[in-house]
Amino acid sequence: MRQVLWRVALAAALLCGVGLLPWLSRTDPALTVLKARSADRDPAPEVLADIRGGLGLGQGPVHLLGQWFGGLARGDAGRSWLTGGEVTPAVLRALGASLLLMTVALAVAAVTAALVCARTLRTGGRSRRSGTGSAVLAALPEFLTASVLATVVGVHLGWLPALGWYGPRWTVLPALALGLPAGAVLGRLLDDLLPGAFAEPWARAAAARGLPRGRLARHAVRRCLPALLPNLGLFAVGLTGGAVAVEQVFDIPGLGRTTLRAALAQDLPVLQAGVLALVLLGAAATALCRLAARPLLGPALRDGALPTLHRPAGPARSALPFAHGGLLLAVTALGLPRDPLALDTGERLQGPSGAHPFGTDALGRDLLARVAHGALDTLSLACAVSATTLCLGVLLGLAPRLSGPLADTVNAVPPVLAALLVTAVAGSGAATPALAVTAVAWAPLAAHTAALLRQERATPHVAAARALGAGRRYLARRVLLPAVLPSVARHALLRLPGVALALASLGFLGLGAQPPSPEWGLLLAENQPYAERAPWAVLAPAAALALLGALAVTAARGVRRPRPAGRTPERTGEGPAREKQPAGAP
């Protein structure tokens, strides 16, 4: 009951914050609505007065909030400030389109995740591949993937429709653009847990008994799924409300696009209704994930006899992180002596050459110089934000009853709206983009931490430590955190390129990097219109981001739980005699 009340309080606070957005940001909603209705109309005082009178702005924000909540209690979400139409039918139509797209995108993500984990499943957890391909796929920007698919598959090849929303065939390309990066992230997270599942006593006994590899692989996936279900629920909500770029490219009337337009135009009734729909969807997804996790784990979770997925292991040794890091350093070193702001209109959109190894952009600026100079700002800020979100995610994951509803609520906020709210509260400054991204990027890490800790608390060695008198602080500091922190740290590194892109995406709101800054995400956005004519202009920053993702994932393989000196599995409570098999184990 307390969690329900906490969720209701968080949702009410969020909706009140959305309803107060124009006043918090000290803007005139009448002027914003006028510009959204007709950008060329003169904002005369009498025109603004008519808008204020028609919308009831003169009665104050508190009265407007009470009026909206009162109508919501009767099932009426009000009327749009822009069109005057009813909000509820419009939001439900947009939600239906987004749910269909999300369902197909999750199917694509499931297939992608299976392909990412295929080798680990086939070898029984003994695969030592680097995961560079999945890291590159996870680092690709959704809007770039969408643009490439629409141009190549939709326009040039004509295999599938590239624009519109008229039937199942129109869902394929946008679902691929959303599902491929999401599936790569989920696949990496699952691939990270599978070796621990294959090392459990039931898996070793089943393999010795001659159980077919396919059946053993299915049970291993089932064993790992409960730790991934919370993030899967967050992905589902994120794909519904956060698919703004993909919906814009493919002209899809989804909820993300609807809330974006409402946020920029300050159409508060539509924006509040859209956010409420996403919050309710997040609560439903969380409830379904919890219900699905219980039968997967069975009585072992309740009885405290669940095998641990986080056994001590030595760091994986590989030269790939040095290769990726060396390549990134070489590109940066070669480009730093060049001028990233020098214009040469006679060299516009020139291909790679000896003078310009990466080619030039639409203003004739050297792309190698811009990528190299942008690396300094992009990497430093993205690393700082990732480290902060990792700390927040781990700390909040220790208190799942507090952080669970908070993470669901934060994850339901569209990224653009989160940036506007943070700007309204903290003001527009150099630190605002970092604050805006940090405010939402901790949620998946907290959900991952809480899910892993829930299972780790049910292991025999934790029960033995409690029986020997270990307190909560000792267990958290010496037992639980050392077990789950490496997995969460690898998760944070996997999301590093996404953090860099999120920081850059705030540029069009007047936050973060602004032209002519050579920040990588801004380079992608500036050169996207020329992708068909000069693909190198987009490939250069995209390759840098992909290289960053490969570096992060290959370096993360070295983050492992150290082996305690002089201890054996039996002494840590991880021996076969003390463990129950999870539900469904052979």
# chains A, B, ... in the order shown; residues from 1 in each chain; ligands from 1
>>> residues_around(residues="Val33 in chain A", least_positions_apart="6", cutoff="9 Å", atoms="only C-alpha atoms", output="VMD selection string")
chain A and resid 51 81 to 82 265 to 267
>>> residues_around(residues="Leu271 in chain A", least_positions_apart="6", cutoff="7 Å", atoms="only C-alpha atoms", output="list in words")
Thr259, Ala262 and Ala263 of chain A
>>> select_by_dssp(residues="range 241-426 of chain A", states="alpha helix (DSSP H)", output="number ranges by chain")
A: 241, 244-250, 255-265, 268-297, 299-303, 320-335, 367-397, 400-412, 415-426
>>> closest_atom_pairs(of="range 184-279 of chain A", to="range 397-415 of chain A", cutoff="6 Å", atoms="only C-alpha atoms", output="Markdown table")
| residue | atom | partner | partner_atom | distance |
| --- | --- | --- | --- | --- |
| A:Gly241 | CA | A:Pro414 | CA | 5.8 |
| A:Gly242 | CA | A:Pro414 | CA | 5.5 |
| A:Leu278 | CA | A:Ala412 | CA | 5.2 |
| A:Val279 | CA | A:Ala412 | CA | 5.3 |
>>> closest_residue(among="A:Ala458, A:Asp366, A:Leu336, A:Leu420", to="Thr27 in chain A", atoms="only C-alpha atoms")
A:Leu420
>>> residues_around(residues="Ala273 in chain A", least_positions_apart="5", cutoff="8 Å", atoms="only C-alpha atoms", output="list in words")
Ala77, Val87, Thr88 and Val91 of chain A
>>> closest_residue(among="A:Ala439, A:Leu395, A:Ala300, A:Ala502", to="Pro460 in chain A", atoms="only C-alpha atoms")
A:Ala300
>>> closest_residue(among="A:Leu496, A:Ala540, A:Val4, A:Ala284", to="His356 in chain A", atoms="only C-alpha atoms")
A:Ala540
>>> closest_residue(among="A:Leu417, A:Ala146, A:Leu545, A:Val153", to="Leu15 in chain A", atoms="only C-alpha atoms")
A:Leu417
>>> residues_around(residues="Leu548 in chain A", least_positions_apart="4", cutoff="10 Å", atoms="only C-alpha atoms", output="list of chain:residue names")
A:Ala135, A:Val136, A:Ala139, A:His324, A:Gly325, A:Leu328, A:Ala375, A:Leu379, A:Leu493, A:Leu494, A:Leu496, A:Pro497, A:Ala500, A:Ala542, A:Ala543, A:Ala544, A:Ala552, A:Val553
>>> atom_distance(atom1="CA of Arg93 in chain A", atom2="CA of Leu72 in chain A")
17.7 Å
>>> residues_around(residues="Cys289 in chain A", least_positions_apart="5", cutoff="8 Å", atoms="only C-alpha atoms", output="VMD selection string")
chain A and resid 229 to 230 233
>>> write_last_selection(atoms="C-alpha atoms", output="PDB file, in the first residue's frame")
ATOM      1  CA  LEU A 229      12.905  -7.981 -16.710  1.00  0.00           C
ATOM      2  CA  PRO A 230      12.966  -4.581 -14.922  1.00  0.00           C
ATOM      3  CA  GLY A 233       9.933  -2.886 -18.758  1.00  0.00           C
TER       4      GLY A 233
END
>>> atom_distance(atom1="CA of Gln59 in chain A", atom2="CA of Pro22 in chain A")
14.3 Å
>>> closest_residue(among="A:Gly158, A:Gly304, A:Pro518, A:Pro141", to="Glu456 in chain A", atoms="only C-alpha atoms")
A:Gly304
>>> closest_residue(among="A:Ser353, A:Thr438, A:Thr132, A:Thr332", to="Ala384 in chain A", atoms="only C-alpha atoms")
A:Thr438
>>> residues_around(residues="Glu247 in chain A", least_positions_apart="2", cutoff="12 Å", atoms="only C-alpha atoms", output="ChimeraX atom specification")
/A:94,97-98,101-102,142-143,146-147,150,162-165,170-171,173-175,177-178,239-245,249-261
>>> closest_atom_pairs(of="range 29-138 of chain A", to="range 182-195 of chain A", cutoff="12 Å", atoms="only C-alpha atoms", output="JSON lines")
{"residue": "A:Met102", "atom": "CA", "partner": "A:Ala182", "partner_atom": "CA", "distance": 11.1}
{"residue": "A:Ala105", "atom": "CA", "partner": "A:Ala182", "partner_atom": "CA", "distance": 8.6}
{"residue": "A:Leu106", "atom": "CA", "partner": "A:Gly183", "partner_atom": "CA", "distance": 7.8}
{"residue": "A:Ala107", "atom": "CA", "partner": "A:Gly183", "partner_atom": "CA", "distance": 9.0}
{"residue": "A:Val108", "atom": "CA", "partner": "A:Gly183", "partner_atom": "CA", "distance": 7.1}
{"residue": "A:Ala109", "atom": "CA", "partner": "A:Gly183", "partner_atom": "CA", "distance": 3.7}
{"residue": "A:Ala110", "atom": "CA", "partner": "A:Gly183", "partner_atom": "CA", "distance": 6.0}
{"residue": "A:Val111", "atom": "CA", "partner": "A:Gly183", "partner_atom": "CA", "distance": 7.4}
{"residue": "A:Thr112", "atom": "CA", "partner": "A:Gly183", "partner_atom": "CA", "distance": 4.9}
{"residue": "A:Ala113", "atom": "CA", "partner": "A:Gly187", "partner_atom": "CA", "distance": 3.8}
{"residue": "A:Ala114", "atom": "CA", "partner": "A:Gly187", "partner_atom": "CA", "distance": 6.6}
{"residue": "A:Leu115", "atom": "CA", "partner": "A:Gly187", "partner_atom": "CA", "distance": 7.8}
{"residue": "A:Val116", "atom": "CA", "partner": "A:Gly187", "partner_atom": "CA", "distance": 5.4}
{"residue": "A:Cys117", "atom": "CA", "partner": "A:Asp191", "partner_atom": "CA", "distance": 5.3}
{"residue": "A:Ala118", "atom": "CA", "partner": "A:Asp191", "partner_atom": "CA", "distance": 8.9}
{"residue": "A:Arg119", "atom": "CA", "partner": "A:Asp191", "partner_atom": "CA", "distance": 9.3}
{"residue": "A:Thr120", "atom": "CA", "partner": "A:Asp191", "partner_atom": "CA", "distance": 6.9}
{"residue": "A:Leu121", "atom": "CA", "partner": "A:Leu194", "partner_atom": "CA", "distance": 7.7}
{"residue": "A:Arg122", "atom": "CA", "partner": "A:Leu194", "partner_atom": "CA", "distance": 11.1}
{"residue": "A:Thr123", "atom": "CA", "partner": "A:Pro195", "partner_atom": "CA", "distance": 9.9}
{"residue": "A:Gly124", "atom": "CA", "partner": "A:Pro195", "partner_atom": "CA", "distance": 7.4}
{"residue": "A:Gly125", "atom": "CA", "partner": "A:Pro195", "partner_atom": "CA", "distance": 4.2}
{"residue": "A:Arg126", "atom": "CA", "partner": "A:Pro195", "partner_atom": "CA", "distance": 7.0}
{"residue": "A:Ser127", "atom": "CA", "partner": "A:Pro195", "partner_atom": "CA", "distance": 8.6}
{"residue": "A:Arg128", "atom": "CA", "partner": "A:Pro195", "partner_atom": "CA", "distance": 10.4}
{"residue": "A:Arg129", "atom": "CA", "partner": "A:Asp191", "partner_atom": "CA", "distance": 10.7}
{"residue": "A:Ser130", "atom": "CA", "partner": "A:Arg188", "partner_atom": "CA", "distance": 10.6}
{"residue": "A:Gly131", "atom": "CA", "partner": "A:Arg188", "partner_atom": "CA", "distance": 7.7}
{"residue": "A:Thr132", "atom": "CA", "partner": "A:Arg188", "partner_atom": "CA", "distance": 10.3}
{"residue": "A:Gly133", "atom": "CA", "partner": "A:Ala184", "partner_atom": "CA", "distance": 9.0}
{"residue": "A:Ser134", "atom": "CA", "partner": "A:Ala184", "partner_atom": "CA", "distance": 5.3}
{"residue": "A:Ala135", "atom": "CA", "partner": "A:Ala184", "partner_atom": "CA", "distance": 7.1}
{"residue": "A:Val136", "atom": "CA", "partner": "A:Ala184", "partner_atom": "CA", "distance": 8.8}
{"residue": "A:Leu137", "atom": "CA", "partner": "A:Ala184", "partner_atom": "CA", "distance": 6.3}
{"residue": "A:Ala138", "atom": "CA", "partner": "A:Ala184", "partner_atom": "CA", "distance": 5.2}
>>> write_last_selection(atoms="N, CA, C and O atoms", output="compact mmCIF listing (two decimals), in the first residue's frame")
# COMPACT_ATOMS: atom_id res chain seq x y z
N MET A 102 5.96 -0.15 -30.53
CA MET A 102 6.75 -0.71 -29.43
C MET A 102 6.72 -2.24 -29.44
O MET A 102 7.74 -2.90 -29.22
N ALA A 105 8.90 -3.41 -32.23
CA ALA A 105 10.29 -3.11 -31.91
C ALA A 105 10.84 -4.06 -30.85
O ALA A 105 12.01 -4.48 -30.91
N LEU A 106 10.01 -4.45 -29.87
CA LEU A 106 10.45 -5.42 -28.86
C LEU A 106 10.70 -6.79 -29.49
O LEU A 106 11.61 -7.51 -29.08
N ALA A 107 9.89 -7.15 -30.49
CA ALA A 107 10.14 -8.42 -31.20
C ALA A 107 11.48 -8.37 -31.93
O ALA A 107 12.26 -9.32 -31.90
N VAL A 108 11.76 -7.23 -32.57
CA VAL A 108 13.06 -7.06 -33.23
C VAL A 108 14.19 -7.10 -32.20
O VAL A 108 15.24 -7.72 -32.42
N ALA A 109 13.97 -6.46 -31.05
CA ALA A 109 14.99 -6.45 -30.00
C ALA A 109 15.24 -7.86 -29.47
O ALA A 109 16.39 -8.22 -29.18
N ALA A 110 14.18 -8.66 -29.34
CA ALA A 110 14.35 -10.04 -28.86
C ALA A 110 15.19 -10.86 -29.83
O ALA A 110 16.09 -11.62 -29.42
N VAL A 111 14.92 -10.72 -31.13
CA VAL A 111 15.71 -11.45 -32.13
C VAL A 111 17.16 -10.97 -32.11
O VAL A 111 18.10 -11.78 -32.18
N THR A 112 17.36 -9.66 -32.01
CA THR A 112 18.72 -9.12 -31.97
C THR A 112 19.47 -9.61 -30.74
O THR A 112 20.65 -9.99 -30.82
N ALA A 113 18.80 -9.60 -29.58
CA ALA A 113 19.44 -10.08 -28.35
C ALA A 113 19.81 -11.55 -28.47
O ALA A 113 20.88 -11.98 -28.01
N ALA A 114 18.94 -12.35 -29.11
CA ALA A 114 19.25 -13.77 -29.30
C ALA A 114 20.48 -13.96 -30.17
O ALA A 114 21.32 -14.83 -29.92
N LEU A 115 20.60 -13.14 -31.22
CA LEU A 115 21.78 -13.23 -32.08
C LEU A 115 23.05 -12.81 -31.34
O LEU A 115 24.12 -13.39 -31.54
N VAL A 116 22.94 -11.79 -30.49
CA VAL A 116 24.10 -11.35 -29.72
C VAL A 116 24.58 -12.44 -28.79
O VAL A 116 25.79 -12.65 -28.60
N CYS A 117 23.65 -13.19 -28.19
CA CYS A 117 24.00 -14.23 -27.21
C CYS A 117 24.18 -15.60 -27.83
O CYS A 117 24.45 -16.56 -27.10
N ALA A 118 24.01 -15.72 -29.15
CA ALA A 118 23.97 -17.04 -29.77
C ALA A 118 25.25 -17.85 -29.50
O ALA A 118 25.19 -19.04 -29.16
N ARG A 119 26.39 -17.20 -29.63
CA ARG A 119 27.64 -17.95 -29.46
C ARG A 119 27.83 -18.39 -28.01
O ARG A 119 28.28 -19.51 -27.75
N THR A 120 27.48 -17.52 -27.06
CA THR A 120 27.58 -17.90 -25.65
C THR A 120 26.65 -19.06 -25.33
O THR A 120 27.02 -19.98 -24.59
N LEU A 121 25.45 -19.05 -25.88
CA LEU A 121 24.50 -20.14 -25.65
C LEU A 121 24.99 -21.44 -26.30
O LEU A 121 24.82 -22.53 -25.74
N ARG A 122 25.59 -21.32 -27.47
CA ARG A 122 26.05 -22.51 -28.16
C ARG A 122 27.25 -23.16 -27.47
O ARG A 122 27.39 -24.38 -27.46
N THR A 123 28.11 -22.33 -26.87
CA THR A 123 29.32 -22.87 -26.23
C THR A 123 29.14 -23.13 -24.74
O THR A 123 30.11 -23.48 -24.06
N GLY A 124 27.93 -22.90 -24.23
CA GLY A 124 27.72 -23.15 -22.81
C GLY A 124 28.42 -22.15 -21.91
O GLY A 124 28.89 -22.51 -20.82
N GLY A 125 28.47 -20.87 -22.31
CA GLY A 125 29.07 -19.84 -21.48
C GLY A 125 30.58 -19.74 -21.60
O GLY A 125 31.19 -18.99 -20.83
N ARG A 126 31.19 -20.46 -22.53
CA ARG A 126 32.65 -20.44 -22.64
C ARG A 126 33.14 -19.53 -23.76
O ARG A 126 34.30 -19.55 -24.09
N SER A 127 32.24 -18.73 -24.32
CA SER A 127 32.64 -17.84 -25.40
C SER A 127 33.52 -16.72 -24.88
O SER A 127 33.27 -16.15 -23.83
N ARG A 128 34.55 -16.38 -25.64
CA ARG A 128 35.45 -15.30 -25.25
C ARG A 128 35.46 -14.18 -26.30
O ARG A 128 36.43 -13.44 -26.40
N ARG A 129 34.39 -14.07 -27.06
CA ARG A 129 34.37 -13.03 -28.08
C ARG A 129 34.27 -11.66 -27.42
O ARG A 129 33.81 -11.50 -26.30
N SER A 130 34.66 -10.65 -28.16
CA SER A 130 34.78 -9.31 -27.58
C SER A 130 33.45 -8.58 -27.48
O SER A 130 33.29 -7.71 -26.64
N GLY A 131 32.49 -8.90 -28.34
CA GLY A 131 31.24 -8.16 -28.35
C GLY A 131 31.33 -6.82 -29.05
O GLY A 131 30.49 -5.95 -28.83
N THR A 132 32.35 -6.64 -29.91
CA THR A 132 32.53 -5.36 -30.58
C THR A 132 31.34 -5.04 -31.50
O THR A 132 30.87 -3.91 -31.54
N GLY A 133 30.87 -6.04 -32.22
CA GLY A 133 29.76 -5.81 -33.15
C GLY A 133 28.50 -5.33 -32.45
O GLY A 133 27.86 -4.36 -32.88
N SER A 134 28.13 -5.97 -31.35
CA SER A 134 26.94 -5.55 -30.61
C SER A 134 27.15 -4.18 -29.97
O SER A 134 26.21 -3.39 -29.86
N ALA A 135 28.38 -3.89 -29.55
CA ALA A 135 28.67 -2.57 -28.98
C ALA A 135 28.49 -1.47 -30.02
O ALA A 135 27.94 -0.41 -29.74
N VAL A 136 28.97 -1.72 -31.23
CA VAL A 136 28.80 -0.75 -32.31
C VAL A 136 27.33 -0.54 -32.62
O VAL A 136 26.86 0.59 -32.81
N LEU A 137 26.56 -1.63 -32.66
CA LEU A 137 25.13 -1.54 -32.94
C LEU A 137 24.41 -0.77 -31.84
O LEU A 137 23.52 0.05 -32.12
N ALA A 138 24.79 -1.01 -30.59
CA ALA A 138 24.16 -0.30 -29.49
C ALA A 138 24.50 1.18 -29.49
O ALA A 138 23.72 2.00 -28.99
>>> residues_around(residues="Cys224 in chain A", least_positions_apart="2", cutoff="12 Å", atoms="only C-alpha atoms", output="ChimeraX atom specification")
/A:186-187,189-198,200,217-222,226-229,293,296-297,307-310,451-452,455,582-583,585
>>> decode(residues="range 250-283 of chain A", atoms="N, CA and C atoms", output="JSON list (two decimals), in the first residue's frame")
[["chain", "number", "residue", "atom", "x", "y", "z"],
["A", 250, "PHE", "N", 9.93, 8.91, -39.89],
["A", 250, "PHE", "CA", 8.97, 8.10, -40.63],
["A", 250, "PHE", "C", 7.56, 8.68, -40.61],
["A", 251, "ASP", "N", 7.40, 9.88, -40.04],
["A", 251, "ASP", "CA", 6.10, 10.56, -40.02],
["A", 251, "ASP", "C", 5.03, 9.68, -39.37],
["A", 252, "ILE", "N", 5.33, 9.23, -38.14],
["A", 252, "ILE", "CA", 4.42, 8.37, -37.39],
["A", 252, "ILE", "C", 3.70, 9.21, -36.34],
["A", 253, "PRO", "N", 2.38, 9.17, -36.29],
["A", 253, "PRO", "CA", 1.64, 9.98, -35.30],
["A", 253, "PRO", "C", 1.62, 9.31, -33.93],
["A", 254, "GLY", "N", 2.79, 9.10, -33.35],
["A", 254, "GLY", "CA", 2.89, 8.40, -32.08],
["A", 254, "GLY", "C", 2.88, 9.33, -30.89],
["A", 255, "LEU", "N", 2.95, 8.73, -29.70],
["A", 255, "LEU", "CA", 2.85, 9.50, -28.46],
["A", 255, "LEU", "C", 4.10, 10.34, -28.22],
["A", 256, "GLY", "N", 5.27, 9.83, -28.60],
["A", 256, "GLY", "CA", 6.49, 10.61, -28.43],
["A", 256, "GLY", "C", 6.45, 11.90, -29.23],
["A", 257, "ARG", "N", 6.02, 11.80, -30.47],
["A", 257, "ARG", "CA", 5.93, 12.99, -31.32],
["A", 257, "ARG", "C", 4.85, 13.94, -30.81],
["A", 258, "THR", "N", 3.75, 13.39, -30.32],
["A", 258, "THR", "CA", 2.67, 14.23, -29.79],
["A", 258, "THR", "C", 3.11, 15.00, -28.56],
["A", 259, "THR", "N", 3.80, 14.33, -27.64],
["A", 259, "THR", "CA", 4.26, 15.02, -26.43],
["A", 259, "THR", "C", 5.36, 16.02, -26.75],
["A", 260, "LEU", "N", 6.20, 15.72, -27.75],
["A", 260, "LEU", "CA", 7.24, 16.68, -28.14],
["A", 260, "LEU", "C", 6.61, 17.98, -28.64],
["A", 261, "ARG", "N", 5.64, 17.86, -29.54],
["A", 261, "ARG", "CA", 4.99, 19.06, -30.06],
["A", 261, "ARG", "C", 4.28, 19.82, -28.94],
["A", 262, "ALA", "N", 3.62, 19.07, -28.04],
["A", 262, "ALA", "CA", 2.91, 19.72, -26.95],
["A", 262, "ALA", "C", 3.88, 20.42, -26.00],
["A", 263, "ALA", "N", 5.04, 19.81, -25.76],
["A", 263, "ALA", "CA", 6.02, 20.42, -24.85],
["A", 263, "ALA", "C", 6.59, 21.69, -25.45],
["A", 264, "LEU", "N", 6.92, 21.68, -26.73],
["A", 264, "LEU", "CA", 7.50, 22.86, -27.37],
["A", 264, "LEU", "C", 6.47, 23.98, -27.51],
["A", 265, "ALA", "N", 5.19, 23.62, -27.72],
["A", 265, "ALA", "CA", 4.14, 24.62, -27.87],
["A", 265, "ALA", "C", 3.46, 24.96, -26.55],
["A", 266, "GLN", "N", 3.86, 24.28, -25.47],
["A", 266, "GLN", "CA", 3.25, 24.46, -24.15],
["A", 266, "GLN", "C", 1.75, 24.22, -24.19],
["A", 267, "ASP", "N", 1.36, 23.20, -24.93],
["A", 267, "ASP", "CA", -0.04, 22.76, -24.96],
["A", 267, "ASP", "C", -0.25, 21.84, -23.75],
["A", 268, "LEU", "N", -0.51, 22.44, -22.60],
["A", 268, "LEU", "CA", -0.46, 21.71, -21.34],
["A", 268, "LEU", "C", -1.47, 20.57, -21.23],
["A", 269, "PRO", "N", -2.72, 20.70, -21.65],
["A", 269, "PRO", "CA", -3.63, 19.55, -21.53],
["A", 269, "PRO", "C", -3.14, 18.32, -22.29],
["A", 270, "VAL", "N", -2.64, 18.51, -23.51],
["A", 270, "VAL", "CA", -2.12, 17.36, -24.27],
["A", 270, "VAL", "C", -0.87, 16.81, -23.61],
["A", 271, "LEU", "N", 0.00, 17.69, -23.15],
["A", 271, "LEU", "CA", 1.24, 17.25, -22.53],
["A", 271, "LEU", "C", 0.96, 16.49, -21.24],
["A", 272, "GLN", "N", 0.07, 16.97, -20.40],
["A", 272, "GLN", "CA", -0.26, 16.29, -19.16],
["A", 272, "GLN", "C", -0.90, 14.93, -19.42],
["A", 273, "ALA", "N", -1.80, 14.87, -20.39],
["A", 273, "ALA", "CA", -2.45, 13.60, -20.70],
["A", 273, "ALA", "C", -1.44, 12.59, -21.25],
["A", 274, "GLY", "N", -0.52, 13.05, -22.10],
["A", 274, "GLY", "CA", 0.49, 12.15, -22.63],
["A", 274, "GLY", "C", 1.42, 11.62, -21.55],
["A", 275, "VAL", "N", 1.84, 12.49, -20.64],
["A", 275, "VAL", "CA", 2.71, 12.05, -19.55],
["A", 275, "VAL", "C", 1.96, 11.08, -18.63],
["A", 276, "LEU", "N", 0.70, 11.35, -18.36],
["A", 276, "LEU", "CA", -0.09, 10.44, -17.52],
["A", 276, "LEU", "C", -0.20, 9.06, -18.17],
["A", 277, "ALA", "N", -0.40, 9.03, -19.48],
["A", 277, "ALA", "CA", -0.48, 7.73, -20.17],
["A", 277, "ALA", "C", 0.83, 6.97, -20.05],
["A", 278, "LEU", "N", 1.96, 7.65, -20.16],
["A", 278, "LEU", "CA", 3.26, 6.99, -20.03],
["A", 278, "LEU", "C", 3.51, 6.52, -18.60],
["A", 279, "VAL", "N", 3.10, 7.30, -17.61],
["A", 279, "VAL", "CA", 3.26, 6.88, -16.22],
["A", 279, "VAL", "C", 2.43, 5.62, -15.94],
["A", 280, "LEU", "N", 1.19, 5.60, -16.40],
["A", 280, "LEU", "CA", 0.36, 4.41, -16.21],
["A", 280, "LEU", "C", 0.94, 3.21, -16.95],
["A", 281, "LEU", "N", 1.47, 3.44, -18.14],
["A", 281, "LEU", "CA", 2.10, 2.35, -18.88],
["A", 281, "LEU", "C", 3.31, 1.81, -18.13],
["A", 282, "GLY", "N", 4.10, 2.72, -17.53],
["A", 282, "GLY", "CA", 5.26, 2.29, -16.76],
["A", 282, "GLY", "C", 4.87, 1.47, -15.55],
["A", 283, "ALA", "N", 3.81, 1.88, -14.84],
["A", 283, "ALA", "CA", 3.35, 1.11, -13.69],
["A", 283, "ALA", "C", 2.85, -0.27, -14.11]]
